[in-house]
Every structure is written in C-alpha cells, then in structure tokens.
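Shown next: input-v4.txt, containing compact mmCIF, C-alpha atoms.
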# COMPACT_ATOMS: atom_id res chain seq x y z
CA MET W 8 -18.77 -57.74 -59.00
CA ILE W 9 -17.41 -59.71 -56.03
CA ASP W 10 -20.08 -61.41 -53.91
CA ARG W 11 -20.60 -59.05 -50.98
CA ARG W 12 -20.87 -61.62 -48.18
CA ASN W 13 -17.86 -63.62 -49.34
CA PHE W 14 -15.87 -60.44 -49.71
CA LEU W 15 -16.75 -59.21 -46.24
CA ARG W 16 -15.77 -62.52 -44.72
CA GLY W 17 -12.53 -62.56 -46.65
CA ALA W 18 -11.69 -59.02 -45.65
CA GLY W 19 -11.42 -60.04 -42.01
CA LEU W 20 -14.57 -58.39 -40.69
CA ALA W 21 -13.93 -59.73 -37.21
CA LEU W 22 -10.59 -57.91 -36.92
CA ALA W 23 -10.71 -54.65 -35.12
CA ILE W 24 -9.40 -52.28 -32.39
CA PRO W 25 -7.43 -50.86 -27.36
CA PHE W 26 -7.27 -47.61 -25.61
CA PHE W 27 -6.07 -47.64 -21.98
CA GLU W 28 -7.31 -45.01 -19.61
CA SER W 29 -4.08 -45.01 -17.64
CA THR W 30 -0.50 -45.95 -18.45
CA SER W 31 -0.25 -47.52 -15.00
CA THR W 32 -1.09 -51.23 -15.02
CA THR W 33 -1.89 -53.99 -12.58
CA ALA W 34 -1.77 -57.70 -13.25
CA TYR W 35 -5.13 -57.33 -14.94
CA GLY W 36 -4.31 -54.32 -17.13
CA ALA W 37 -5.25 -50.70 -16.86
CA ILE W 38 -6.07 -48.83 -13.67
CA GLU W 39 -9.02 -46.67 -14.61
CA THR W 40 -9.07 -42.94 -14.14
CA VAL W 41 -12.14 -42.43 -16.34
CA ARG W 42 -15.37 -44.36 -15.78
CA ASN W 43 -16.07 -45.73 -19.24
CA LYS W 44 -19.38 -47.49 -19.75
CA ARG W 45 -19.61 -51.06 -20.99
CA ILE W 46 -22.27 -53.45 -22.26
CA LEU W 47 -22.21 -57.24 -21.88
CA ALA W 48 -25.09 -59.32 -23.28
CA VAL W 49 -25.60 -63.04 -22.59
CA GLY W 50 -28.14 -64.81 -24.80
CA ASN W 51 -29.46 -68.36 -24.50
CA HIS W 52 -31.11 -69.70 -27.66
CA LEU W 53 -33.57 -71.96 -25.82
CA GLY W 54 -34.72 -69.42 -23.26
CA PHE W 55 -35.45 -70.35 -19.66
CA TYR W 56 -38.44 -72.29 -18.38
CA PRO W 57 -40.95 -69.53 -17.50
CA GLY W 58 -42.40 -71.42 -14.54
CA ALA W 59 -39.01 -71.35 -12.83
CA PHE W 60 -37.73 -67.99 -14.11
CA PHE W 61 -40.33 -65.30 -13.40
CA PRO W 62 -41.18 -64.28 -9.82
CA LYS W 63 -44.88 -64.03 -8.99
CA GLU W 64 -44.68 -60.70 -7.15
CA GLU W 65 -43.77 -57.28 -8.54
CA GLY W 66 -41.26 -54.87 -7.01
CA THR W 67 -38.22 -55.41 -4.83
CA ASP W 68 -39.88 -57.68 -2.24
CA TYR W 69 -40.63 -60.57 -4.58
CA VAL W 70 -39.94 -64.16 -3.57
CA SER W 71 -37.06 -65.44 -5.67
CA SER W 72 -38.01 -67.96 -8.34
CA PRO W 73 -36.11 -71.29 -8.50
CA THR W 74 -33.87 -69.98 -11.30
CA LEU W 75 -33.22 -66.53 -9.81
CA LYS W 76 -32.26 -68.06 -6.45
CA ASN W 77 -28.89 -68.72 -8.06
CA ILE W 78 -28.22 -64.95 -8.24
CA GLU W 79 -30.01 -64.02 -5.02
CA GLY W 80 -26.77 -62.60 -3.58
CA HIS W 81 -26.87 -59.85 -6.23
CA ARG W 82 -30.57 -59.14 -5.78
CA LYS W 83 -30.11 -55.38 -5.39
CA ASN W 84 -28.08 -55.20 -8.58
CA PHE W 85 -30.51 -56.55 -11.17
CA THR W 86 -34.04 -56.08 -12.50
CA VAL W 87 -36.25 -58.79 -14.02
CA PHE W 88 -38.82 -57.85 -16.69
CA SER W 89 -42.10 -59.60 -17.47
CA HIS W 90 -44.19 -59.33 -20.66
CA LEU W 91 -41.51 -57.79 -22.87
CA ASP W 92 -40.85 -59.16 -26.36
CA HIS W 93 -40.49 -58.12 -29.99
CA ASP W 94 -43.96 -59.24 -31.11
CA VAL W 95 -42.47 -61.83 -33.46
CA GLY W 96 -43.10 -65.53 -33.98
CA GLY W 97 -41.31 -68.38 -35.66
CA GLY W 98 -39.88 -70.25 -32.68
CA HIS W 99 -36.21 -70.92 -33.42
CA GLY W 100 -36.48 -68.61 -36.43
CA GLY W 101 -37.49 -65.73 -34.19
CA VAL W 102 -34.59 -66.05 -31.76
CA ASN W 103 -32.31 -63.99 -34.01
CA SER W 104 -34.36 -60.90 -33.11
CA PHE W 105 -33.29 -60.93 -29.44
CA LEU W 106 -30.83 -58.01 -29.60
CA THR W 107 -32.22 -56.50 -32.81
CA GLY W 108 -35.97 -56.20 -32.31
CA VAL W 109 -36.40 -57.24 -35.95
CA LYS W 110 -36.33 -60.75 -37.40
CA LYS W 111 -33.72 -61.28 -40.08
CA GLN W 112 -36.47 -62.63 -42.33
CA GLU W 113 -38.51 -59.40 -41.95
CA SER W 114 -35.71 -56.83 -42.00
CA LYS W 115 -35.91 -55.69 -45.62
CA GLY W 116 -38.02 -52.60 -44.95
CA PHE W 117 -35.91 -51.31 -42.06
CA PRO W 118 -33.19 -48.71 -42.82
CA GLU W 119 -30.70 -50.47 -40.54
CA LYS W 120 -31.89 -53.97 -41.41
CA ASN W 121 -31.72 -56.12 -38.28
CA VAL W 122 -28.65 -54.52 -36.70
CA SER W 123 -28.11 -55.67 -33.13
CA LEU W 124 -27.77 -53.51 -30.05
CA ASP W 125 -24.13 -54.50 -29.51
CA GLN W 126 -23.10 -53.34 -32.99
CA ILE W 127 -24.72 -49.93 -32.56
CA ALA W 128 -22.81 -49.64 -29.27
CA ALA W 129 -19.61 -50.78 -31.02
CA GLU W 130 -19.97 -48.04 -33.64
CA HIS W 131 -20.21 -45.55 -30.79
CA VAL W 132 -16.96 -46.88 -29.28
CA GLY W 133 -15.14 -46.54 -32.61
CA THR W 134 -11.34 -46.58 -32.21
CA ALA W 135 -11.35 -46.05 -28.43
CA ALA W 136 -10.73 -49.75 -27.76
CA ARG W 137 -8.76 -52.43 -29.57
CA PHE W 138 -11.94 -54.35 -30.34
CA PRO W 139 -15.12 -52.30 -30.85
CA SER W 140 -16.98 -55.47 -29.82
CA ILE W 141 -16.25 -59.07 -28.96
CA THR W 142 -18.70 -61.79 -29.91
CA ALA W 143 -18.04 -65.07 -28.09
CA GLY W 144 -20.02 -68.22 -27.49
CA ILE W 145 -20.24 -71.98 -27.27
CA GLY W 146 -20.24 -73.74 -30.64
CA GLU W 147 -22.04 -71.97 -33.46
CA GLY W 148 -23.93 -69.59 -31.18
CA THR W 149 -27.48 -68.25 -31.46
CA ASP W 150 -27.45 -65.86 -34.44
CA MET W 151 -27.53 -63.02 -31.90
CA CYS W 152 -25.22 -60.38 -33.43
CA TRP W 153 -25.80 -58.63 -36.77
CA THR W 154 -24.28 -55.71 -38.68
CA ARG W 155 -26.44 -52.85 -39.95
CA THR W 156 -26.30 -54.46 -43.41
CA GLY W 157 -27.87 -57.67 -42.09
CA VAL W 158 -24.71 -59.78 -41.98
CA ARG W 159 -24.45 -62.23 -39.08
CA ILE W 160 -21.37 -62.05 -36.85
CA PRO W 161 -20.42 -65.57 -35.75
CA PRO W 162 -19.02 -65.97 -32.24
CA VAL W 163 -15.45 -66.84 -31.29
CA ASN W 164 -16.01 -70.33 -29.85
CA SER W 165 -12.49 -71.18 -28.71
CA PRO W 166 -11.24 -69.80 -25.37
CA ALA W 167 -7.67 -70.23 -26.60
CA ARG W 168 -8.35 -68.15 -29.71
CA LEU W 169 -10.04 -65.46 -27.65
CA PHE W 170 -7.12 -65.39 -25.18
CA ASN W 171 -4.60 -65.02 -28.02
CA ALA W 172 -6.56 -62.20 -29.63
CA LEU W 173 -6.76 -60.34 -26.33
CA PHE W 174 -3.36 -60.91 -24.78
CA THR W 175 -0.81 -62.59 -27.08
CA GLN W 176 1.47 -60.07 -28.78
CA SER W 177 2.33 -60.94 -32.37
CA SER W 178 5.97 -60.90 -33.43
CA GLN W 179 7.35 -58.00 -35.48
CA SER W 180 7.46 -60.17 -38.60
CA GLU W 181 3.82 -61.23 -38.08
CA ARG W 182 2.78 -57.61 -37.64
CA ASN W 183 4.67 -56.57 -40.77
CA LEU W 184 2.92 -59.32 -42.74
CA GLU W 185 -0.45 -58.22 -41.37
CA ARG W 186 0.35 -54.62 -42.31
CA LYS W 187 0.95 -55.73 -45.90
CA ARG W 188 -2.34 -57.65 -45.89
CA LEU W 189 -4.20 -54.61 -44.60
CA THR W 190 -2.62 -52.38 -47.26
CA HIS W 191 -3.51 -54.88 -49.98
CA ARG W 192 -7.09 -55.14 -48.75
CA GLY W 193 -7.27 -51.36 -48.62
CA SER W 194 -6.29 -51.10 -52.29
CA ILE W 195 -8.97 -53.66 -53.20
CA LEU W 196 -11.54 -51.59 -51.32
CA ASP W 197 -10.48 -48.42 -53.15
CA ALA W 198 -10.93 -50.16 -56.51
CA LEU W 199 -14.30 -51.59 -55.49
CA MET W 200 -15.58 -48.22 -54.29
CA GLY W 201 -14.48 -46.55 -57.53
CA SER W 202 -16.09 -49.11 -59.82
CA ALA W 203 -19.27 -49.25 -57.72
CA LYS W 204 -19.74 -45.46 -57.75
CA SER W 205 -19.32 -45.38 -61.54
CA LEU W 206 -22.43 -47.57 -61.82
CA GLN W 207 -24.75 -45.23 -59.91
CA GLY W 208 -25.92 -43.27 -62.94
CA LYS W 209 -26.48 -46.41 -65.04
CA ILE W 210 -28.88 -48.42 -62.87
CA ASN W 211 -32.49 -48.16 -61.78
CA GLY W 212 -33.79 -47.22 -58.33
CA PHE W 213 -34.08 -50.79 -57.07
CA ASP W 214 -30.50 -51.60 -58.05
CA ARG W 215 -29.32 -48.28 -56.58
CA ASP W 216 -30.70 -49.41 -53.22
CA LYS W 217 -28.77 -52.66 -53.55
CA LEU W 218 -25.65 -50.71 -54.51
CA ASP W 219 -26.05 -48.40 -51.49
CA GLN W 220 -26.22 -51.45 -49.23
CA TYR W 221 -23.08 -52.79 -50.86
CA LEU W 222 -21.21 -49.50 -50.46
CA THR W 223 -22.25 -49.39 -46.79
CA SER W 224 -20.73 -52.83 -46.31
CA VAL W 225 -17.51 -51.69 -47.98
CA ARG W 226 -17.35 -48.64 -45.69
CA GLU W 227 -17.74 -50.92 -42.65
CA VAL W 228 -14.76 -52.97 -43.81
CA GLU W 229 -12.74 -49.80 -44.48
CA LEU W 230 -13.37 -48.60 -40.95
CA ARG W 231 -12.30 -51.90 -39.45
CA LEU W 232 -9.16 -51.97 -41.58
CA GLN W 233 -8.26 -48.48 -40.35
CA MET W 234 -8.81 -49.52 -36.75
CA SER W 235 -6.68 -52.62 -37.24
CA LYS W 236 -3.79 -50.49 -38.54
CA GLU W 237 -4.13 -48.04 -35.67
CA TRP W 238 -3.73 -50.75 -33.02
CA LEU W 239 -1.36 -53.10 -34.81
CA ASP W 240 1.82 -52.00 -32.99
CA ARG W 241 0.32 -51.09 -29.63
CA PRO W 242 1.20 -53.53 -26.84
CA LYS W 243 -1.54 -55.76 -25.48
CA PRO W 244 -2.27 -55.84 -21.74
CA GLU W 245 -0.99 -58.47 -19.34
CA PRO W 246 -3.88 -60.80 -18.42
CA GLY W 247 -2.59 -61.98 -15.05
CA ILE W 248 -3.56 -65.58 -15.90
CA SER W 249 -1.77 -68.46 -17.64
CA PRO W 250 -2.18 -68.82 -21.42
CA ILE W 251 -5.13 -70.93 -22.53
CA THR W 252 -4.47 -73.77 -24.95
CA ASP W 253 -7.69 -75.83 -24.78
CA GLU W 254 -9.35 -76.72 -28.06
CA GLU W 255 -12.92 -75.56 -28.65
CA ARG W 256 -15.64 -77.81 -27.24
CA MET W 257 -19.44 -77.79 -27.19
CA ASP W 258 -19.37 -78.08 -23.43
CA ILE W 259 -21.49 -76.05 -21.04
CA GLU W 260 -18.57 -76.14 -18.58
CA GLU W 261 -16.65 -73.78 -20.89
CA MET W 262 -18.84 -70.93 -19.60
CA PRO W 263 -16.75 -69.85 -16.59
CA LEU W 264 -13.60 -69.66 -18.71
CA PHE W 265 -15.32 -67.53 -21.34
CA PHE W 266 -16.85 -65.30 -18.66
CA ASP W 267 -13.43 -64.78 -17.06
CA LEU W 268 -11.93 -63.81 -20.42
CA LEU W 269 -14.76 -61.39 -21.20
CA THR W 270 -14.41 -59.84 -17.74
CA LEU W 271 -10.69 -59.35 -18.40
CA ALA W 272 -11.43 -57.92 -21.84
CA LEU W 273 -13.75 -55.33 -20.29
CA GLN W 274 -11.47 -54.64 -17.33
CA THR W 275 -8.39 -54.02 -19.48
CA ASP W 276 -10.47 -51.86 -21.83
CA SER W 277 -9.63 -54.17 -24.73
CA THR W 278 -13.31 -53.78 -25.54
CA ARG W 279 -16.34 -52.02 -24.10
CA VAL W 280 -18.95 -54.16 -25.81
CA ALA W 281 -19.16 -57.95 -25.50
CA THR W 282 -21.68 -60.71 -26.10
CA PHE W 283 -21.84 -64.38 -25.18
CA GLU W 284 -24.08 -66.88 -26.96
CA ILE W 285 -25.41 -70.20 -25.64
CA PRO W 286 -26.54 -72.31 -28.63
CA ILE W 287 -29.40 -74.70 -29.24
CA GLY W 288 -27.35 -77.83 -28.76
CA PHE W 289 -24.41 -78.51 -26.49
CA THR W 290 -23.30 -81.05 -23.92
CA THR W 291 -25.11 -81.00 -20.57
CA THR W 292 -24.69 -84.64 -19.60
CA ASP W 293 -21.47 -83.82 -17.73
CA LEU W 294 -23.66 -82.16 -15.11
CA ASP W 295 -24.65 -84.38 -12.20
CA GLY W 296 -28.20 -85.63 -12.58
CA VAL W 297 -28.56 -84.76 -16.28
CA SER W 298 -29.00 -87.52 -18.85
CA TYR W 299 -30.38 -85.55 -21.83
CA GLY W 300 -28.83 -82.97 -24.13
CA TYR W 301 -29.95 -79.39 -23.59
CA HIS W 302 -32.16 -79.28 -26.69
CA GLY W 303 -33.87 -82.50 -25.63
CA LEU W 304 -34.50 -81.08 -22.18
CA SER W 305 -36.08 -77.97 -23.66
CA HIS W 306 -38.80 -80.20 -25.17
CA HIS W 307 -40.01 -81.19 -21.74
CA SER W 308 -43.78 -80.99 -22.36
CA LYS W 309 -43.92 -80.28 -18.62
CA GLY W 310 -42.77 -83.81 -17.86
CA VAL W 311 -41.59 -83.95 -14.24
CA ASP W 312 -38.33 -85.80 -14.89
CA LYS W 313 -37.24 -83.61 -17.80
CA LEU W 314 -38.18 -80.42 -15.97
CA ALA W 315 -36.08 -81.53 -13.00
CA GLU W 316 -33.07 -82.11 -15.27
CA LEU W 317 -33.71 -78.84 -17.13
CA GLN W 318 -33.62 -77.02 -13.80
CA VAL W 319 -30.20 -78.54 -13.09
CA ALA W 320 -28.91 -77.19 -16.41
CA GLU W 321 -30.47 -73.75 -15.89
CA ASP W 322 -29.19 -73.66 -12.31
CA TYR W 323 -25.70 -74.25 -13.68
CA ILE W 324 -26.07 -71.42 -16.22
CA PHE W 325 -27.27 -69.00 -13.55
CA SER W 326 -24.62 -70.09 -11.07
CA GLN W 327 -22.12 -68.97 -13.72
CA VAL W 328 -24.05 -65.72 -14.22
CA ASN W 329 -23.78 -65.23 -10.46
CA ARG W 330 -20.04 -65.84 -10.66
CA LEU W 331 -19.82 -63.37 -13.55
CA PHE W 332 -21.54 -60.67 -11.49
CA THR W 333 -19.13 -61.34 -8.62
CA LYS W 334 -16.10 -61.13 -10.93
CA LEU W 335 -17.32 -57.82 -12.37
CA GLN W 336 -17.72 -56.50 -8.82
CA GLU W 337 -14.23 -57.66 -7.86
CA ALA W 338 -12.86 -55.94 -10.97
CA LYS W 339 -14.68 -52.78 -9.83
CA ILE W 340 -16.49 -52.42 -13.16
CA PHE W 341 -19.95 -53.80 -12.33
CA ASP W 342 -21.43 -50.34 -11.80
CA ASP W 343 -20.08 -49.28 -15.20
CA THR W 344 -21.19 -52.42 -17.03
CA LEU W 345 -24.78 -52.95 -18.13
CA VAL W 346 -25.29 -56.73 -18.25
CA ILE W 347 -28.18 -58.17 -20.25
CA VAL W 348 -29.20 -61.81 -19.72
CA GLY W 349 -32.05 -63.36 -21.68
CA SER W 350 -33.23 -64.95 -24.89
CA GLY W 351 -35.27 -64.47 -28.03
CA MET W 352 -37.30 -67.52 -26.97
CA SER W 353 -39.35 -67.85 -23.82
CA ASP W 354 -40.37 -71.50 -23.55
CA GLY W 355 -38.41 -73.91 -25.73
CA SER W 356 -41.03 -76.61 -25.30
CA ARG W 357 -43.73 -74.43 -26.92
CA HIS W 358 -41.34 -72.61 -29.28
CA SER W 359 -42.79 -69.33 -28.03
CA ASN W 360 -41.19 -65.94 -28.66
CA LYS W 361 -43.60 -64.10 -26.33
CA ASN W 362 -42.91 -62.82 -22.80
CA LEU W 363 -39.16 -63.26 -23.11
CA PRO W 364 -37.03 -64.00 -20.05
CA VAL W 365 -34.97 -60.83 -19.65
CA LEU W 366 -32.99 -59.34 -16.81
CA MET W 367 -30.66 -56.38 -16.67
CA ALA W 368 -27.90 -56.04 -14.08
CA GLY W 369 -25.21 -53.58 -13.00
CA GLY W 370 -24.77 -50.29 -14.80
CA GLY W 371 -25.06 -48.27 -11.60
CA LEU W 372 -28.86 -48.28 -12.02
CA ASN W 373 -31.40 -48.01 -9.23
CA HIS W 374 -32.77 -51.50 -9.82
CA LYS W 375 -36.46 -52.26 -9.26
CA GLY W 376 -36.51 -56.00 -8.56
CA HIS W 377 -39.31 -57.27 -10.81
CA ILE W 378 -41.08 -55.00 -13.30
CA ILE W 379 -44.30 -56.37 -14.77
CA SER W 380 -45.26 -54.58 -17.98
CA PRO W 381 -48.81 -54.69 -19.40
CA GLU W 382 -49.73 -58.07 -20.83
CA GLU W 383 -52.58 -56.78 -23.03
CA HIS W 384 -51.43 -56.50 -26.62
CA HIS W 385 -52.80 -53.00 -27.20
CA LYS W 386 -50.92 -51.79 -24.12
CA ARG W 387 -47.77 -53.80 -24.63
CA ILE W 388 -44.33 -52.23 -24.32
CA PRO W 389 -41.81 -53.39 -26.95
CA LEU W 390 -38.57 -54.89 -25.67
CA SER W 391 -36.88 -52.53 -28.15
CA ASN W 392 -37.83 -49.66 -25.82
CA LEU W 393 -35.58 -51.19 -23.17
CA TRP W 394 -32.78 -51.64 -25.71
CA LEU W 395 -33.12 -48.00 -26.77
CA SER W 396 -32.77 -46.88 -23.15
CA ALA W 397 -29.70 -49.11 -22.78
CA LEU W 398 -28.08 -47.51 -25.84
CA GLN W 399 -28.82 -44.02 -24.56
CA TRP W 400 -27.31 -45.01 -21.19
CA PHE W 401 -24.20 -46.07 -23.12
CA GLY W 402 -24.00 -42.61 -24.70
CA VAL W 403 -25.51 -43.31 -28.12
CA GLU W 404 -27.62 -40.40 -29.32
CA ARG W 405 -30.63 -41.84 -31.09
CA ASP W 406 -34.43 -41.74 -30.76
CA ASN W 407 -35.37 -45.21 -31.96
CA PHE W 408 -34.15 -48.77 -32.23
CA GLY W 409 -35.80 -51.76 -33.88
CA LYS W 410 -39.55 -51.45 -33.30
CA SER W 411 -39.28 -49.09 -30.35
CA THR W 412 -42.08 -46.66 -29.56
CA GLY W 413 -39.97 -44.63 -27.13
CA THR W 414 -37.68 -45.24 -24.19
CA PHE W 415 -38.47 -47.59 -21.30
CA SER W 416 -39.95 -45.53 -18.48
CA GLY W 417 -40.12 -48.26 -15.84
CA LEU W 418 -36.42 -48.03 -14.97
CA ASN W 419 -34.39 -44.85 -14.56
CA PHE W 420 -31.28 -45.00 -16.76
CA SER W 421 -29.99 -41.51 -15.98
Starting from the file, lay out its structure as structure tokens.
Amino acid sequence: MIDRRNFLRGAGLALAIPFFESTSTTAYGAIETVRNKRILAVGNHLGFYPGAFFPKEEGTDYVSSPTLKNIEGHRKNFTVFSHLDHDVGGGHGGVNSFLTGVKKQESKGFPEKNVSLDQIAAEHVGTAARFPSITAGIGEGTDMCWTRTGVRIPPVNSPARLFNALFTQSSQSERNLERKRLTHRGSILDALMGSAKSLQGKINGFDRDKLDQYLTSVREVELRLQMSKEWLDRPKPEPGISPITDEERMDIEEMPLFFDLLTLALQTDSTRVATFEIPIGFTTTDLDGVSYGYHGLSHHSKGVDKLAELQVAEDYIFSQVNRLFTKLQEAKIFDDTLVIVGSGMSDGSRHSNKNLPVLMAGGGLNHKGHIISPEEHHKRIPLSNLWLSALQWFGVERDNFGKSTGTFSGLNFS
C-alpha cells in the first residue's frame, strides 16, 4: 500500500477552490452583496513577552501595555485574554497545539486527532471559495495548521507564489494539462479506495482503525480534487496591484506584503479562511536597534539589553498587525473577519505554554478590552472554549473542539 503521507503530499493536498458574491468588480475584486464571515489567524511561535503584552487592569479602561500600544488606535475593535491556554507543556513541542487545543504528540485518542480551527472552518466553506483555506508564513512556519488526520499543512512562504495562486490566470494549455493530472489522480484514488475497502473484512480491529484513518485521508484528497476541477476554468480576480516577483526570504519585513495579499484574498472572496505563521528563527537584525536574531532575543533571561531589543521586534510585529487591521477596515471587511493573534507559547525565555498571549479582533463583536479568566487550575477555562465559540460564530454547528468544556461566556459572539 502507498505510504499515506507521501501520497497525500504527491496528490497536491494544498490545491483547492472562488465564489464571488457579485459579478460586479472593483480593482480589488468582488463588490459584496452578502456579508460572508471570515477567519484570519496570526501565530507567532515564540509568543510575546508577557511583561509587555498583558495589561494590568481588566475591562475596557485598561492602560495599554507597551506591546498593545502599537494597536491602540483599534482599541474598541479587539479583546485581550489572560489565563487562557491548552493545559499542555513541552515548550517548543507544545506550540503546535495553538489552534488545535491538542498536542500532535498526544492526539492519538482524539477522534479528530489534532485538527486545527482553520481546517474545521475550511471544511465548512467547502466549494464556496477557490481556496477553502490559505496557509501562509515566513520560512517553515510554526506547525500551526493540521488536517483532521493529523497531517501538518506547511505554509506558503513566498509572496510571489501566493500572488500567482491568487491572481495569475493559467493558460488554456496549462489548465488542460492540470485537468489531465486531476483525472489521473482521481483514477488512482478510485483504485486505492477499492483495494482498501476489500481489506476491511480481513484485518483486526486495530488495523481497521488505521485503515479508517487512511480512507479518511483519501476522501480529503478526493474532495480537494473535485474542488480543483470546479474552479479550474473560472477567471481569477484582478488584484489591483503589480505582480510580485520577489524570491522567498526569512525576513520579518516580508510581513506587510503577506498581510496585504491575505487581505486581498479575503476581500476578493478567494478564500474565507487564512492563517499566517511567524517561525522560531528569522532575520530581525534589519530592524534599527536590533543586533540579535529573534530566537536569541527570546532567550532574554530578563536581561535589560535583550528585552529592549525584543521590544523593538515585537513593536514591529504589532505595528504590522495594526496596519492589517487598518487594511481590513479600508476593505470594509473588518466587521466580517474574526482575527486571532497569539501563540502556543507565552514566554520564550522560560519555554512556557501557560497563560498564552491571545487577542481577538474584528468580527463585529462587542469587544470587552481585557478579559481576565480564573488563574486557579480547578477553575481554569480552556482556550479551546474560545475556539469553539469562534467556530460557532463562523457558522460551524458543533458542540466541542479540542479539549473544550463548553463555549466561552466572557464574550458575546452572537
């Protein structure tokens, strides 16, 4: 039998899916007549220094922390959460649980493995957009996005490649060739499904579970192949910007370009679910006043000099988050887009996965400023409760996610 992971990768798992709500277009794409909901999640592997991230006061009248000062202009449009996490450890090894609630290493007993929030939302979108989800990031990313079979989805780390996928129309000959590839892959899938099902009566219960997981993976590929065929000949939207030809770089200054492309992807309804990953190591020394790499800065041990440089790097990240919020407002989709910013790690210097830095913006919510959840372990509220509420806001009908114990009652998502 073909190795499942190699097969999935070879079958073009990242290919997928655009529906436009109006045939009228502007320079940026579709003029909306229906208010579709969107989710955009930004994850930073190394977290944010807690002493500069969390406000001291609760509610809407808090004094902005040094990090949040960079988004002060959008104060009424976001909520910061204290004492939420997934009750996992492992430092860097626990970061992969950020959008899943379940560590990859501990996912065996969960029916949906360690599927991430964005992929559940993407399944809900189905064929309504060209891409059910877009996973982008700098370099190799943060291991943030996972399928329901526990397969990691690596980010697109080239702005040029992302631009071409979103806005460059393939020639007729290229589309015909892709159609043949899709048909060929479809026939392989048919054969695999047939041979796999014939084994079901010949294997024990343990192997049947493995086979079910395999068949689920095959069905996921089938769905994506069908969506690729459906959108193959539909024209892509006009981006209203010049084509991007830059090669991929591990440079923090790529962020604004990626954020602009993701904003356009959401605005043109090329996708309704997007993520952006900031990895463990990338270049920060191009920033004025920074002499260390980002990973080195995260190991500050509360040293004054390193903390000062770390603040410069985190100020840059949040200045770009501020710009992202502004762009979403200008595109008139901020109220329809739930933006998540945070990490699966709180303090990179201590490798802690507790009390994660998390904020939620936009979405048309009545934001509450700073919500402080109970710190005591026996009263703690799982971060998965917040993710479950976000999915329900998006329209997904489900009663649990990850390790949730219910929805998050501190913020009204209706």
**OP:** Please provide the set of residues having any atom within 12 Å of W:Asn43, restricted to only C-alpha atoms, with same-chain residues fewer than 5 positions apart removed, written as a ChimeraX atom specification.
**Re:** /W:26-28,38,132,135-136,273-280,339-345,370,400-402
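Closest approach to W:His90 from the set W:Ser114, W:Thr154, W:Asn164, W:Ser353 is made by W:Ser353, with distances taken over all atoms listed in the file.
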Original post:
atom CA of W:Ile248 and atom CA of W:Tyr323 are how many Å apart?
Top reply: 23.9 Å
**OP:** Check the smallest atom-to-atom distance from each of W:Thr156, W:Val319, W:Asp68, W:Phe283 to W:Tyr299 using all atoms listed in the file, then report the winner.
**Re:** W:Val319
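With distances restricted to all atoms listed in the file, W:Ser356 is the closest residue to W:Lys313 from W:Ser350, W:Gln336, W:Ser356, W:Thr252.
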**OP:** Show me as an MDAnalysis selection string the residues that reach within 12 Å of (-22.0, -54.8, -11.9), counting all atoms listed in the file and using the file's own coordinates.
**Re:** chainID W and resid 44:47 81:85 270 273:274 328:347 367:374
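Taking atom CA of W:Gly296 and atom CA of W:Met262 as endpoints, the distance between them is 18.8 Å.
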**OP:** Name the residues in contact with W:Glu119 at a cut-off of 12 Å, using all atoms listed in the file, excluding same-chain residues fewer than 4 positions from it; report them as a ChimeraX atom specification.
**Re:** /W:107-109,111,113-115,123-124,126-127,153-158,220,223-224,407-410
